[in-house]
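Text of start33.csv, listed as CSV, C-alpha atoms:
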chain,number,residue,atom,x,y,z
A,270,MET,CA,0.0,0.0,0.0
A,271,ILE,CA,1.4,3.4,-1.0
A,272,VAL,CA,0.8,6.3,1.6
A,273,ILE,CA,0.9,9.9,0.4
A,274,PRO,CA,2.3,12.0,3.3
A,275,HIS,CA,0.7,15.4,2.4
A,276,THR,CA,-2.8,14.0,2.1
A,277,TYR,CA,-2.5,12.4,5.5
A,278,ASN,CA,-1.3,15.6,7.1
A,279,TYR,CA,-4.2,17.6,5.7
A,280,ARG,CA,-6.7,15.1,7.0
A,281,LEU,CA,-5.1,15.2,10.4
A,282,ILE,CA,-5.3,19.0,10.6
A,283,ILE,CA,-8.9,19.1,9.4
A,284,GLY,CA,-9.9,16.5,11.9
A,285,SER,CA,-8.2,18.4,14.7
A,286,LEU,CA,-10.0,21.6,13.6
A,287,VAL,CA,-13.4,19.9,13.6
A,288,VAL,CA,-12.8,18.5,17.0
A,289,ALA,CA,-11.7,22.0,18.3
A,290,PHE,CA,-14.8,23.6,16.8
A,291,VAL,CA,-17.1,21.1,18.3
A,292,VAL,CA,-15.4,21.5,21.8
A,293,LEU,CA,-15.5,25.3,21.4
A,294,GLY,CA,-19.1,25.3,20.4
A,295,SER,CA,-20.1,23.1,23.3
A,296,TYR,CA,-18.2,25.3,25.7
A,297,SER,CA,-19.9,28.4,24.3
A,298,TYR,CA,-23.3,26.9,24.4
A,299,ILE,CA,-22.8,25.8,28.0
A,300,ASN,CA,-21.5,29.3,29.0
A,301,TYR,CA,-24.4,31.0,27.2
A,302,ASP,CA,-26.9,28.9,29.1
A,303,LYS,CA,-25.1,29.8,32.3
A,304,LEU,CA,-25.1,33.5,31.4
A,305,GLU,CA,-28.8,33.4,30.6
A,306,ASP,CA,-29.5,31.7,33.9
A,307,TYR,CA,-27.4,34.3,35.8
A,308,THR,CA,-29.1,37.2,34.0
A,309,SER,CA,-32.6,35.7,34.7
A,310,TYR,CA,-31.6,35.2,38.3
A,311,VAL,CA,-30.4,38.8,38.7
A,312,ALA,CA,-33.5,40.1,37.0
A,313,GLN,CA,-35.8,38.1,39.3
A,314,GLU,CA,-33.9,39.2,42.4
A,315,LYS,CA,-34.1,42.8,41.2
A,316,LYS,CA,-37.9,42.5,40.8
A,317,LEU,CA,-38.3,40.9,44.2
A,318,LEU,CA,-36.3,43.8,45.8
A,319,GLU,CA,-38.4,46.4,44.0
A,320,ASN,CA,-41.6,44.8,45.2
A,321,GLU,CA,-40.3,44.5,48.7
A,322,LEU,CA,-39.2,48.2,48.8
A,323,SER,CA,-42.5,49.3,47.2
A,324,GLU,CA,-44.5,47.4,49.9
A,325,MET,CA,-42.4,49.0,52.6
A,326,ILE,CA,-43.1,52.5,51.2
A,327,THR,CA,-46.9,51.7,51.0
A,328,ARG,CA,-46.8,50.6,54.6
A,329,TYR,CA,-45.3,53.9,55.6
A,330,ASP,CA,-47.9,55.8,53.6
A,331,LYS,CA,-50.7,54.1,55.5
A,332,VAL,CA,-49.3,55.1,58.9
A,333,GLN,CA,-50.8,58.3,60.3
A,334,VAL,CA,-49.7,59.8,63.6
A,335,ASP,CA,-50.2,63.2,65.3
A,336,SER,CA,-46.7,63.2,66.8
A,337,GLU,CA,-44.4,65.6,64.8
A,338,SER,CA,-41.2,63.8,65.9
A,339,LEU,CA,-42.6,60.4,64.8
A,340,ASN,CA,-43.7,61.9,61.4
A,341,ILE,CA,-40.2,63.1,60.9
A,342,LYS,CA,-38.8,59.7,61.6
A,343,LEU,CA,-41.3,58.1,59.2
A,344,GLU,CA,-40.4,60.5,56.5
A,345,GLN,CA,-36.7,60.0,56.9
A,346,SER,CA,-37.0,56.2,56.8
A,347,LYS,CA,-39.3,56.4,53.8
A,348,PHE,CA,-36.9,58.7,52.0
A,349,LYS,CA,-34.0,56.1,52.5
A,350,ILE,CA,-36.2,53.3,51.0
A,351,GLU,CA,-37.2,55.5,48.0
A,352,ARG,CA,-33.5,56.2,47.3
A,353,ILE,CA,-32.6,52.5,47.3
A,354,LEU,CA,-35.6,51.7,45.1
A,355,ASP,CA,-34.5,54.4,42.6
A,356,SER,CA,-31.0,52.9,42.6
A,357,VAL,CA,-32.3,49.4,42.1
A,358,LYS,CA,-34.5,50.5,39.2
A,359,THR,CA,-31.9,52.7,37.4
A,360,LEU,CA,-28.7,50.7,37.9
A,361,GLN,CA,-27.7,47.4,36.3
A,362,PRO,CA,-27.2,45.4,39.5
A,363,SER,CA,-25.1,42.3,40.0
A,364,THR,CA,-25.4,39.6,42.7
A,365,ALA,CA,-22.9,41.5,44.8
A,366,LEU,CA,-24.8,44.7,44.5
A,367,LEU,CA,-28.1,43.0,45.2
A,368,ASP,CA,-26.6,41.4,48.3
A,369,LEU,CA,-25.5,44.9,49.4
A,370,TYR,CA,-29.0,46.2,48.9
A,371,ARG,CA,-30.5,43.3,50.9
A,372,SER,CA,-28.2,44.1,53.8
A,373,LYS,CA,-29.4,47.7,53.7
A,374,ILE,CA,-33.0,46.6,53.5
A,375,LYS,CA,-32.5,44.5,56.6
A,376,LEU,CA,-31.3,47.6,58.5
A,377,LEU,CA,-34.2,49.6,57.1
A,378,GLN,CA,-36.7,46.8,58.1
A,379,LYS,CA,-35.3,46.9,61.7
A,380,GLU,CA,-35.6,50.7,61.7
A,381,LYS,CA,-39.2,50.4,60.3
A,382,GLU,CA,-40.1,48.0,63.1
A,383,GLU,CA,-38.8,50.3,65.7
A,384,VAL,CA,-40.7,53.3,64.3
A,385,LEU,CA,-43.9,51.3,63.9
A,386,SER,CA,-43.5,50.0,67.4
A,387,LEU,CA,-43.4,53.7,68.6
A,388,VAL,CA,-46.4,54.4,66.5
A,389,SER,CA,-48.3,51.5,68.0
A,390,LYS,CA,-47.3,52.6,71.5
A,391,LEU,CA,-48.4,56.2,70.8
A,392,LYS,CA,-51.8,54.9,69.5
A,393,LYS,CA,-52.3,52.9,72.7
A,394,GLU,CA,-51.5,55.9,74.8
A,395,ASN,CA,-53.9,58.0,72.8
A,396,GLU,CA,-56.6,55.4,73.2
A,397,GLN,CA,-56.0,55.5,77.0
A,398,LEU,CA,-56.1,59.3,77.0
A,399,ALA,CA,-59.4,59.2,75.0
A,400,LEU,CA,-60.9,56.8,77.6
A,401,LYS,CA,-59.8,59.1,80.4
A,402,ALA,CA,-61.1,62.2,78.5
A,403,ASN,CA,-64.4,60.3,78.0
A,404,LYS,CA,-64.6,59.6,81.8
A,405,VAL,CA,-63.8,63.2,82.6
A,406,GLU,CA,-66.5,64.3,80.2
A,407,GLN,CA,-69.0,61.9,81.9
A,408,ASP,CA,-67.9,63.3,85.3
A,409,LEU,CA,-68.5,66.9,84.0
A,410,VAL,CA,-72.0,65.9,82.9
A,411,GLY,CA,-72.6,64.6,86.4
A,412,VAL,CA,-71.3,67.8,87.9
A,413,LYS,CA,-73.5,69.9,85.5
A,414,SER,CA,-76.5,67.9,86.5
A,415,ILE,CA,-75.8,68.5,90.2
A,416,SER,CA,-75.2,72.2,89.5
A,417,SER,CA,-78.6,72.4,87.7
A,418,ALA,CA,-80.3,70.8,90.7
A,419,LEU,CA,-78.6,73.2,93.1
A,420,LYS,CA,-79.8,76.2,90.9
A,421,VAL,CA,-83.4,75.0,91.3
A,422,LYS,CA,-83.1,74.6,95.0
A,423,ASN,CA,-81.5,78.0,95.5
A,424,LYS,CA,-83.9,79.8,93.2
A,425,GLY,CA,-85.1,82.0,96.1
A,426,LEU,CA,-81.6,83.4,96.8
A,427,ALA,CA,-81.0,87.1,96.0
A,428,SER,CA,-78.3,86.1,93.4
A,429,VAL,CA,-78.5,82.9,91.5
A,430,ASN,CA,-75.1,81.4,90.5
A,431,ASN,CA,-74.6,79.9,87.1
A,432,THR,CA,-72.0,77.4,88.0
A,433,LEU,CA,-71.1,75.1,90.9
A,434,SER,CA,-67.8,76.9,91.6
A,435,LYS,CA,-69.7,80.2,91.8
A,436,LYS,CA,-72.0,78.7,94.3
A,437,ILE,CA,-69.1,77.6,96.5
A,438,GLU,CA,-67.6,81.1,96.2
A,439,ASP,CA,-70.9,82.7,97.0
A,440,ALA,CA,-71.2,80.6,100.2
A,441,SER,CA,-68.2,82.3,101.7
A,442,HIS,CA,-69.9,85.8,101.7
A,443,LEU,CA,-72.4,87.3,104.2
A,444,LYS,CA,-76.1,86.9,103.3
A,445,ILE,CA,-79.0,89.0,104.3
A,446,GLU,CA,-82.7,88.3,104.8
A,447,ALA,CA,-85.9,90.4,105.2
A,448,LEU,CA,-84.5,93.5,103.5
A,449,ASN,CA,-87.1,96.3,103.7
A,450,ALA,CA,-86.9,100.0,102.9
A,451,GLU,CA,-89.5,102.8,103.3
A,452,ALA,CA,-89.8,106.5,103.2
A,453,VAL,CA,-90.3,108.2,106.5
A,454,LYS,CA,-92.1,111.4,107.4
A,455,ARG,CA,-91.7,111.2,111.2
A,456,ILE,CA,-89.8,109.3,113.8
A,457,THR,CA,-91.1,109.0,117.4
A,458,LYS,CA,-89.7,107.1,120.4
A,459,LYS,CA,-92.3,104.4,119.9
A,460,ARG,CA,-92.5,104.1,116.2
A,461,ILE,CA,-91.5,105.2,112.7
A,462,VAL,CA,-94.2,106.7,110.6
A,463,SER,CA,-93.8,105.8,106.9
A,464,THR,CA,-95.3,107.4,103.8
A,465,SER,CA,-95.4,106.9,100.1
A,466,LYS,CA,-95.7,110.7,99.4
A,467,SER,CA,-92.4,112.2,98.2
A,468,HIS,CA,-93.3,115.7,99.4
A,469,LYS,CA,-93.9,114.4,103.0
A,470,ALA,CA,-90.8,112.3,103.3
A,471,ASN,CA,-87.4,113.5,104.3
A,472,LYS,CA,-85.7,110.3,105.5
A,473,LEU,CA,-85.4,106.7,104.4
A,474,HIS,CA,-85.5,103.8,106.8
A,475,VAL,CA,-83.6,100.6,105.8
A,476,GLU,CA,-83.7,97.3,107.9
A,477,PHE,CA,-82.5,93.8,107.2
A,478,THR,CA,-81.1,90.7,108.9
A,479,VAL,CA,-77.6,89.4,108.4
A,480,SER,CA,-77.8,85.6,108.5
A,481,LYS,CA,-75.4,83.4,110.3
A,482,ASN,CA,-73.0,81.6,107.9
A,483,LYS,CA,-70.5,79.1,109.1
A,484,PHE,CA,-68.4,79.6,106.0
A,485,VAL,CA,-67.8,83.3,106.9
A,486,GLU,CA,-65.0,84.2,109.3
A,487,GLU,CA,-66.0,86.0,112.5
A,488,GLY,CA,-64.8,89.6,113.0
A,489,GLU,CA,-65.6,93.2,112.2
A,490,LYS,CA,-67.4,93.7,108.9
A,491,ASP,CA,-68.2,96.9,107.0
A,492,ILE,CA,-71.8,97.0,105.7
A,493,TYR,CA,-72.5,99.7,103.0
A,494,ILE,CA,-76.0,101.0,102.1
A,495,GLN,CA,-76.3,102.6,98.8
A,496,ILE,CA,-79.6,104.4,97.7
A,497,LEU,CA,-80.1,105.5,94.1
A,498,ASN,CA,-82.7,108.1,93.1
A,499,PRO,CA,-84.8,107.9,89.9
A,500,ASN,CA,-82.0,109.7,88.1
A,501,ASN,CA,-79.6,106.9,89.2
A,502,ASN,CA,-77.6,109.3,91.5
A,503,VAL,CA,-76.6,108.3,95.0
A,504,ILE,CA,-78.5,110.3,97.6
A,505,ALA,CA,-77.0,111.3,101.0
A,506,ASP,CA,-73.5,110.7,99.7
A,507,GLU,CA,-71.4,109.8,102.7
A,508,GLY,CA,-68.2,108.8,100.9
A,509,VAL,CA,-66.4,106.5,98.4
A,510,VAL,CA,-64.7,103.1,99.2
A,511,SER,CA,-62.4,101.3,96.8
A,512,PHE,CA,-62.0,97.6,96.2
A,513,GLY,CA,-59.1,97.2,93.9
A,514,LYS,CA,-60.1,98.7,90.5
A,515,GLN,CA,-63.7,99.1,91.6
A,516,SER,CA,-65.2,101.8,93.8
A,517,LEU,CA,-68.5,102.3,95.6
A,518,ILE,CA,-70.3,105.5,96.5
A,519,TYR,CA,-72.4,104.8,99.6
A,520,SER,CA,-75.2,106.5,101.6
A,521,LYS,CA,-74.5,104.8,104.9
A,522,LYS,CA,-71.8,102.7,106.5
A,523,ILE,CA,-72.5,100.3,109.4
A,524,LYS,CA,-69.8,98.6,111.5
A,525,LEU,CA,-70.8,95.0,112.3
A,526,ASP,CA,-69.0,92.8,114.8
A,527,TYR,CA,-70.0,89.4,113.2
A,528,LYS,CA,-70.0,86.4,115.5
A,529,ASN,CA,-71.7,83.9,113.2
A,530,GLU,CA,-75.2,84.7,114.5
A,531,ASP,CA,-78.3,86.3,113.0
A,532,VAL,CA,-78.0,90.1,113.5
A,533,ASP,CA,-80.8,92.6,112.9
A,534,LEU,CA,-79.6,95.9,111.5
A,535,ASP,CA,-81.4,99.1,110.6
A,536,ALA,CA,-80.4,102.6,109.5
A,537,ILE,CA,-82.0,106.0,108.9
A,538,ILE,CA,-80.7,107.9,105.9
A,539,ILE,CA,-81.4,111.6,106.0
A,540,THR,CA,-81.6,113.2,102.6
A,541,ASP,CA,-79.7,116.4,101.7
A,542,VAL,CA,-81.6,119.6,102.0
A,543,ASP,CA,-80.7,120.6,98.4
A,544,GLN,CA,-81.7,117.2,97.1
A,545,PRO,CA,-85.2,116.5,98.4
A,546,LEU,CA,-87.0,113.3,97.6
A,547,THR,CA,-89.1,113.3,94.4
A,548,GLN,CA,-91.5,111.0,92.7
A,549,GLY,CA,-90.2,107.9,91.2
A,550,ILE,CA,-88.5,104.6,92.1
A,551,TYR,CA,-85.5,104.5,94.5
A,552,PHE,CA,-83.2,101.5,94.6
A,553,VAL,CA,-81.6,100.3,97.8
A,554,ASN,CA,-78.5,98.1,97.6
A,555,ILE,CA,-76.6,96.5,100.5
A,556,PHE,CA,-72.9,95.7,100.1
A,557,CYS,CA,-70.2,94.0,102.0
A,558,ASP,CA,-66.8,94.7,100.5
A,559,ASN,CA,-67.5,94.6,96.7
A,560,THR,CA,-70.2,92.0,97.0
A,561,ARG,CA,-73.9,93.1,96.7
A,562,LEU,CA,-75.8,91.2,99.4
A,563,GLY,CA,-79.3,92.3,98.4
A,564,THR,CA,-81.4,94.9,96.7
A,565,THR,CA,-84.9,96.4,97.0
A,566,SER,CA,-86.8,99.4,95.9
A,567,ILE,CA,-89.1,102.2,97.2
A,568,THR,CA,-91.8,103.9,95.0
A,569,LEU,CA,-92.7,107.4,95.9
A,570,GLN,CA,-95.7,109.3,94.5

Could you show the structure in this file as structure tokens?
Amino acid sequence: MIVIPHTYNYRLIIGSLVVAFVVLGSYSYINYDKLEDYTSYVAQEKKLLENELSEMITRYDKVQVDSESLNIKLEQSKFKIERILDSVKTLQPSTALLDLYRSKIKLLQKEKEEVLSLVSKLKKENEQLALKANKVEQDLVGVKSISSALKVKNKGLASVNNTLSKKIEDASHLKIEALNAEAVKRITKKRIVSTSKSHKANKLHVEFTVSKNKFVEEGEKDIYIQILNPNNNVIADEGVVSFGKQSLIYSKKIKLDYKNEDVDLDAIIITDVDQPLTQGIYFVNIFCDNTRLGTTSITLQ
């Protein structure tokens, strides 16, 4: 058999090239599959991260609190998540970068749980405060009911108080009963002769009873009688007394040594010669300090 060396060498080279192409093609095909799997994996992980970050942002949007400091924390955490989400969407991530994002997400999740825990605690405290406020409101309703009942019971008092606190304050002042005032035309040793005729009268007689009151301290008290004529001027002006920013012009001052007992008081007010009594209605007011204890009127014809 005759062998041709050149032909044999060509066949050997061609065979080697075919084998090399087959091996190279197989390697490229395997690497291409791996690359596709890697790309698909990275895309899937990227999508999962985006969904997870979007859900975290939605969770923050649903949280509503009245605390300004908590709102600031919520906004700060939400801003961090939005920045990472923007990065995930815009960048071409790798597994290493995705792992870095996941580590950041874990920190943000921990921060989120801490903030939401504070929100939950604040809501519970607000619920407790609401319950307490409701109870206080119910108590106030009860107090108002008691106050209304007291107003009815004390309807006959000279001054009706609008609130329970005003009633308590009013209880610490002197009170008078049986206030009576009349015009007088003559005074004898045995009796006082009254009249309703203005031209016959030159004096006014005022009498009343200071009631005992255990809430009032014993001691010397100044009682002021003020009489206003039909023109609303004080008759028989005896002086002016000041109570802070308020002042009182009075017609008569009575010194009372109060010993927590009923005391009958009376006074004769003599009109000025240049201001005789005229027809009309005269108002008589009784004061202790700057508190009016009672009032009545006299009508002269």

### Query
Using only C-alpha atoms, which residues sit within 9 Å of Gly508 (chain A) once same-chain residues fewer than 5 positions away are excluded, as a VMD selection string?
chain A and resid 517 to 521

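The two atoms in question, CA of Ala505 (chain A) and CA of Ile550 (chain A), are spaced 16.0 Å apart.
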
## Note on the structure
In Å and to one decimal, CA of Ile567 (chain A) is distant from CA of Leu534 (chain A) by 18.3 Å

For a cutoff of 10 Å around the file-coordinate point (-74.7, 108.2, 103.1), which residues qualify once you count only C-alpha atoms? I'd like the result as an mmCIF file with C-alpha atoms, in the frame of the given file.
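Output contents, as saved in part16.cif:
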data_model
loop_
_atom_site.group_PDB
_atom_site.id
_atom_site.type_symbol
_atom_site.label_atom_id
_atom_site.label_comp_id
_atom_site.auth_asym_id
_atom_site.auth_seq_id
_atom_site.Cartn_x
_atom_site.Cartn_y
_atom_site.Cartn_z
ATOM 1 C CA TYR A 493 -72.500 99.700 103.000
ATOM 2 C CA ILE A 494 -76.000 101.000 102.100
ATOM 3 C CA GLN A 495 -76.300 102.600 98.800
ATOM 4 C CA ILE A 496 -79.600 104.400 97.700
ATOM 5 C CA VAL A 503 -76.600 108.300 95.000
ATOM 6 C CA ILE A 504 -78.500 110.300 97.600
ATOM 7 C CA ALA A 505 -77.000 111.300 101.000
ATOM 8 C CA ASP A 506 -73.500 110.700 99.700
ATOM 9 C CA GLU A 507 -71.400 109.800 102.700
ATOM 10 C CA GLY A 508 -68.200 108.800 100.900
ATOM 11 C CA VAL A 509 -66.400 106.500 98.400
ATOM 12 C CA ILE A 518 -70.300 105.500 96.500
ATOM 13 C CA TYR A 519 -72.400 104.800 99.600
ATOM 14 C CA SER A 520 -75.200 106.500 101.600
ATOM 15 C CA LYS A 521 -74.500 104.800 104.900
ATOM 16 C CA LYS A 522 -71.800 102.700 106.500
ATOM 17 C CA ILE A 537 -82.000 106.000 108.900
ATOM 18 C CA ILE A 538 -80.700 107.900 105.900
ATOM 19 C CA ILE A 539 -81.400 111.600 106.000
ATOM 20 C CA THR A 540 -81.600 113.200 102.600
ATOM 21 C CA ASP A 541 -79.700 116.400 101.700
#

Write out as an mmCIF file with C-alpha atoms, keeping the file's coordinate frame each polymer residue whose atoms come within 12 Å of region 478-486 of chain A, counting all atoms listed in the file; drop sequence neighbours fewer than 3 positions from it.
data_model
loop_
_atom_site.group_PDB
_atom_site.id
_atom_site.type_symbol
_atom_site.label_atom_id
_atom_site.label_comp_id
_atom_site.auth_asym_id
_atom_site.auth_seq_id
_atom_site.Cartn_x
_atom_site.Cartn_y
_atom_site.Cartn_z
ATOM 1 C CA ILE A 437 -69.100 77.600 96.500
ATOM 2 C CA GLU A 438 -67.600 81.100 96.200
ATOM 3 C CA ASP A 439 -70.900 82.700 97.000
ATOM 4 C CA ALA A 440 -71.200 80.600 100.200
ATOM 5 C CA SER A 441 -68.200 82.300 101.700
ATOM 6 C CA HIS A 442 -69.900 85.800 101.700
ATOM 7 C CA LEU A 443 -72.400 87.300 104.200
ATOM 8 C CA LYS A 444 -76.100 86.900 103.300
ATOM 9 C CA ILE A 445 -79.000 89.000 104.300
ATOM 10 C CA GLU A 446 -82.700 88.300 104.800
ATOM 11 C CA ALA A 447 -85.900 90.400 105.200
ATOM 12 C CA LEU A 448 -84.500 93.500 103.500
ATOM 13 C CA ASN A 449 -87.100 96.300 103.700
ATOM 14 C CA VAL A 475 -83.600 100.600 105.800
ATOM 15 C CA GLU A 489 -65.600 93.200 112.200
ATOM 16 C CA LYS A 490 -67.400 93.700 108.900
ATOM 17 C CA ILE A 492 -71.800 97.000 105.700
ATOM 18 C CA LEU A 525 -70.800 95.000 112.300
ATOM 19 C CA ASP A 526 -69.000 92.800 114.800
ATOM 20 C CA TYR A 527 -70.000 89.400 113.200
ATOM 21 C CA LYS A 528 -70.000 86.400 115.500
ATOM 22 C CA ASN A 529 -71.700 83.900 113.200
ATOM 23 C CA GLU A 530 -75.200 84.700 114.500
ATOM 24 C CA ASP A 531 -78.300 86.300 113.000
ATOM 25 C CA VAL A 532 -78.000 90.100 113.500
ATOM 26 C CA ASP A 533 -80.800 92.600 112.900
ATOM 27 C CA LEU A 534 -79.600 95.900 111.500
ATOM 28 C CA ASP A 535 -81.400 99.100 110.600
ATOM 29 C CA ALA A 536 -80.400 102.600 109.500
ATOM 30 C CA ILE A 555 -76.600 96.500 100.500
ATOM 31 C CA PHE A 556 -72.900 95.700 100.100
ATOM 32 C CA CYS A 557 -70.200 94.000 102.000
ATOM 33 C CA LEU A 562 -75.800 91.200 99.400
ATOM 34 C CA GLY A 563 -79.300 92.300 98.400
#

### Query
Hey, which of A:Asn501, A:Gln548, A:Ser323, A:Ser346 ends up closest to Lys466 (chain A)? Count all atoms listed in the file.
A:Gln548

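For the pair CA of His474 (chain A) and CA of Asn500 (chain A), the interatomic distance is 19.9 Å.
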
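Checking A:Ile461, A:Ile374, A:Ile353, A:Leu343 one by one against Arg328 (chain A), counting all atoms listed in the file, you find the shortest gap at A:Leu343.
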
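Ranking A:Thr327, A:Thr568, A:Gln313, A:Asn554 by their shortest atom-to-atom distance to Thr464 (chain A), with only C-alpha atoms included, puts A:Thr568 first.
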
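Counting all atoms listed in the file and comparing A:Glu476, A:Asp543, A:Asp491, A:Glu337, the residue that lies closest to Thr564 (chain A) is A:Glu476.
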
### Query
Smallest atom-to-atom distance to Pro499 (chain A): which of A:Ser566, A:Ser516, A:Ser511, A:Ser463, using only C-alpha atoms?
A:Ser566
